[in-house]
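Here's the structure we're looking at; comments come further down.
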Amino acid sequence: MENVRPQSYASHRRFDPLYHGFTAPVLMLVYPIWAIVHLWRHPTPQSAVWLLFALAIAVLAWRARSFPLAVQDRLIVLEERMRLERLLAADARAGAAGLTDDQLIGLRFASDEELSELVAAALAEKLSRKQIKARVKNWRPDYRRA
């Protein structure tokens, strides 16, 4: 495993220093702001094209990160539905069909022992992903997330 650091609710978010600390700020903030300032100071067609290009690159940087995360979320939902089929009793499985994708994604960190209890709470209280993760007592780490 590339990341052997223990995970918890407080430490489970993934931070990629190269992307989050350099690439994203430069492509989504610095370059577009520079292009806006340049267009303001030198209102030429070329400056307008640079601004358009800067905005296109900012959108590209955003979407290049959001597409894999959307695919990952779909996969997590599938994995959790399969896990619920395997671990829950028949009557609980019927109720679990009402879980939202957001709730299923939150449940991925719950241990098998506490899953049933959290599913019931998520359905009864309409818990969000964040609220479910905050209630997990025995954290099941996910080191392969994008």
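We label chains A, B, ... in the order they appear in the structure tokens, count residues from 1 in each chain, and number ligands from 1 in the order shown.
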Practice task
Can you list, as number ranges by chain, all residues belonging to chain A that DSSP tags as helix (DSSP H, G or I)?
Solution key: A: 17-41, 45-87, 90-96, 101-107, 112-125, 129-135
Give me, as a tab-separated table, each residue of stretch 6-112 of chain A that comes within 7 Å of stretch 128-145 of chain A, together with its shortest interatomic pair and the distance in Å at one decimal, counting only C-alpha atoms, with rows ordered by chain and rising residue number.
residue	atom	partner	partner_atom	distance
A:Gln7	CA	A:Pro141	CA	5.6
A:Ser8	CA	A:Trp139	CA	6.0
A:Tyr9	CA	A:Ala134	CA	6.2
A:Asp102	CA	A:Arg129	CA	5.4
A:Gln103	CA	A:Arg129	CA	5.0
A:Ile105	CA	A:Arg129	CA	6.6
A:Gly106	CA	A:Arg129	CA	4.3
A:Leu107	CA	A:Ile132	CA	6.5
A:Phe109	CA	A:Arg140	CA	4.6
A:Ala110	CA	A:Val136	CA	5.5
A:Ser111	CA	A:Arg140	CA	5.6
Write the residues of the selection above to a file with N, CA and C atoms, as a compact mmCIF listing (two decimals), in the first residue's frame.
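The resulting file, again02.txt, is reproduced below:
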# COMPACT_ATOMS: atom_id res chain seq x y z
N GLN A 7 -6.08 5.73 9.15
CA GLN A 7 -7.14 6.67 8.78
C GLN A 7 -8.17 6.75 9.89
N SER A 8 -8.80 7.91 9.96
CA SER A 8 -9.92 8.15 10.86
C SER A 8 -10.79 9.21 10.20
N TYR A 9 -11.86 9.58 10.87
CA TYR A 9 -12.71 10.62 10.32
C TYR A 9 -11.91 11.91 10.12
N ASP A 102 -25.18 9.07 -1.72
CA ASP A 102 -24.38 9.82 -0.75
C ASP A 102 -24.26 9.05 0.57
N GLN A 103 -25.36 8.44 1.03
CA GLN A 103 -25.31 7.66 2.25
C GLN A 103 -24.45 6.41 2.09
N ILE A 105 -21.92 6.03 0.13
CA ILE A 105 -20.52 6.45 0.09
C ILE A 105 -20.02 6.71 1.50
N GLY A 106 -20.86 7.27 2.35
CA GLY A 106 -20.49 7.48 3.75
C GLY A 106 -20.30 6.17 4.51
N LEU A 107 -21.08 5.17 4.16
CA LEU A 107 -21.02 3.88 4.85
C LEU A 107 -19.77 3.07 4.53
N PHE A 109 -16.80 3.46 5.10
CA PHE A 109 -15.78 3.43 6.15
C PHE A 109 -16.22 2.66 7.39
N ALA A 110 -17.47 2.24 7.43
CA ALA A 110 -17.99 1.53 8.60
C ALA A 110 -17.55 0.07 8.59
N SER A 111 -17.21 -0.44 9.75
CA SER A 111 -16.84 -1.86 9.85
C SER A 111 -18.08 -2.72 9.63
Exercise for the section: Find, counting only C-alpha atoms, the residue in A:Glu113, A:Thr44, A:Ala64, A:Val119 that gets nearest to A:Glu80. Expected result: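 Comparing A:Glu113, A:Thr44, A:Ala64, A:Val119 against A:Glu80, the winner is A:Val119.
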Problem - Distance in Å - atom CA of A:Leu27 versus atom CA of A:Leu51 - result: 12.0 Å
Exercise for the section: One decimal, Å: what's the distance from atom CA of A:Leu99 over to atom CA of A:Arg65, could you say? Expected result: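 About the pair atom CA of A:Leu99 and atom CA of A:Arg65: they are 26.0 Å apart.
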Practice task
Grab the atom CA of A:Leu87 to atom CA of A:Asp112 distance for me, in Å with one decimal place.
Solution key: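 Rounded to one decimal, the two atoms are 7.3 Å apart.
Closest approach to A:Leu104 among A:Glu125, A:Glu117, A:Glu85, A:Asp73 is made by A:Asp73 (distances from only C-alpha atoms).
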Problem - Exercise: A:Ala24 partners within 8 Å, only C-alpha atoms, chain neighbours under 5 positions left out, as a ChimeraX atom specification - result: /A:19,29,61-62
Export, as a PDB file, in the first residue's frame, the selected residues with C-alpha atoms.
ATOM      1  CA  TYR A  19      -2.201  18.695  -7.477  1.00  0.00           C
ATOM      2  CA  LEU A  29      -6.502  30.824  -9.923  1.00  0.00           C
ATOM      3  CA  ALA A  61      -8.208  21.140 -14.543  1.00  0.00           C
ATOM      4  CA  TRP A  62     -11.471  21.004 -12.587  1.00  0.00           C
TER       5      TRP A  62
END
Practice task
Please provide the set of residues having any atom within 10 Å of A:Pro32, restricted to only C-alpha atoms, with same-chain residues fewer than 2 positions apart removed, written as a ChimeraX atom specification.
Solution key: /A:26-30,34-38,50-58
Output N, CA and C atoms for every residue in that selection, as a PDB file, in the first residue's frame.
ATOM      1  N   VAL A  26      -2.453  27.073  -9.602  1.00  0.00           N
ATOM      2  CA  VAL A  26      -1.882  27.781 -10.755  1.00  0.00           C
ATOM      3  C   VAL A  26      -2.880  27.801 -11.910  1.00  0.00           C
ATOM      4  N   LEU A  27      -3.446  26.626 -12.228  1.00  0.00           N
ATOM      5  CA  LEU A  27      -4.338  26.554 -13.389  1.00  0.00           C
ATOM      6  C   LEU A  27      -5.714  27.157 -13.151  1.00  0.00           C
ATOM      7  N   MET A  28      -6.194  27.122 -11.908  1.00  0.00           N
ATOM      8  CA  MET A  28      -7.554  27.599 -11.651  1.00  0.00           C
ATOM      9  C   MET A  28      -7.617  28.973 -11.018  1.00  0.00           C
ATOM     10  N   LEU A  29      -6.489  29.491 -10.534  1.00  0.00           N
ATOM     11  CA  LEU A  29      -6.502  30.824  -9.923  1.00  0.00           C
ATOM     12  C   LEU A  29      -5.479  31.770 -10.542  1.00  0.00           C
ATOM     13  N   VAL A  30      -4.218  31.393 -10.473  1.00  0.00           N
ATOM     14  CA  VAL A  30      -3.154  32.309 -10.877  1.00  0.00           C
ATOM     15  C   VAL A  30      -3.270  32.686 -12.347  1.00  0.00           C
ATOM     16  N   TRP A  34      -4.245  36.335 -13.759  1.00  0.00           N
ATOM     17  CA  TRP A  34      -3.264  37.035 -14.585  1.00  0.00           C
ATOM     18  C   TRP A  34      -3.891  37.451 -15.918  1.00  0.00           C
ATOM     19  N   ALA A  35      -4.658  36.559 -16.534  1.00  0.00           N
ATOM     20  CA  ALA A  35      -5.277  36.859 -17.831  1.00  0.00           C
ATOM     21  C   ALA A  35      -6.292  37.992 -17.718  1.00  0.00           C
ATOM     22  N   ILE A  36      -7.034  38.028 -16.624  1.00  0.00           N
ATOM     23  CA  ILE A  36      -8.004  39.113 -16.409  1.00  0.00           C
ATOM     24  C   ILE A  36      -7.267  40.440 -16.243  1.00  0.00           C
ATOM     25  N   VAL A  37      -6.229  40.441 -15.432  1.00  0.00           N
ATOM     26  CA  VAL A  37      -5.441  41.670 -15.225  1.00  0.00           C
ATOM     27  C   VAL A  37      -4.807  42.114 -16.539  1.00  0.00           C
ATOM     28  N   HIS A  38      -4.289  41.166 -17.291  1.00  0.00           N
ATOM     29  CA  HIS A  38      -3.660  41.508 -18.572  1.00  0.00           C
ATOM     30  C   HIS A  38      -4.688  42.102 -19.537  1.00  0.00           C
ATOM     31  N   TRP A  50      -6.233  35.039 -24.548  1.00  0.00           N
ATOM     32  CA  TRP A  50      -5.518  34.486 -23.403  1.00  0.00           C
ATOM     33  C   TRP A  50      -6.466  34.236 -22.226  1.00  0.00           C
ATOM     34  N   LEU A  51      -7.396  35.154 -22.012  1.00  0.00           N
ATOM     35  CA  LEU A  51      -8.382  34.957 -20.951  1.00  0.00           C
ATOM     36  C   LEU A  51      -9.257  33.747 -21.262  1.00  0.00           C
ATOM     37  N   LEU A  52      -9.713  33.643 -22.490  1.00  0.00           N
ATOM     38  CA  LEU A  52     -10.527  32.493 -22.886  1.00  0.00           C
ATOM     39  C   LEU A  52      -9.750  31.189 -22.682  1.00  0.00           C
ATOM     40  N   PHE A  53      -8.497  31.194 -23.075  1.00  0.00           N
ATOM     41  CA  PHE A  53      -7.647  30.021 -22.905  1.00  0.00           C
ATOM     42  C   PHE A  53      -7.436  29.701 -21.419  1.00  0.00           C
ATOM     43  N   ALA A  54      -7.221  30.712 -20.604  1.00  0.00           N
ATOM     44  CA  ALA A  54      -7.035  30.513 -19.162  1.00  0.00           C
ATOM     45  C   ALA A  54      -8.280  29.903 -18.524  1.00  0.00           C
ATOM     46  N   LEU A  55      -9.455  30.380 -18.943  1.00  0.00           N
ATOM     47  CA  LEU A  55     -10.709  29.825 -18.408  1.00  0.00           C
ATOM     48  C   LEU A  55     -10.910  28.389 -18.873  1.00  0.00           C
ATOM     49  N   ALA A  56     -10.558  28.110 -20.117  1.00  0.00           N
ATOM     50  CA  ALA A  56     -10.675  26.741 -20.631  1.00  0.00           C
ATOM     51  C   ALA A  56      -9.755  25.795 -19.867  1.00  0.00           C
ATOM     52  N   ILE A  57      -8.552  26.236 -19.575  1.00  0.00           N
ATOM     53  CA  ILE A  57      -7.620  25.400 -18.815  1.00  0.00           C
ATOM     54  C   ILE A  57      -8.114  25.204 -17.383  1.00  0.00           C
ATOM     55  N   ALA A  58      -8.691  26.234 -16.785  1.00  0.00           N
ATOM     56  CA  ALA A  58      -9.239  26.107 -15.429  1.00  0.00           C
ATOM     57  C   ALA A  58     -10.369  25.072 -15.400  1.00  0.00           C
TER      58      ALA A  58
END
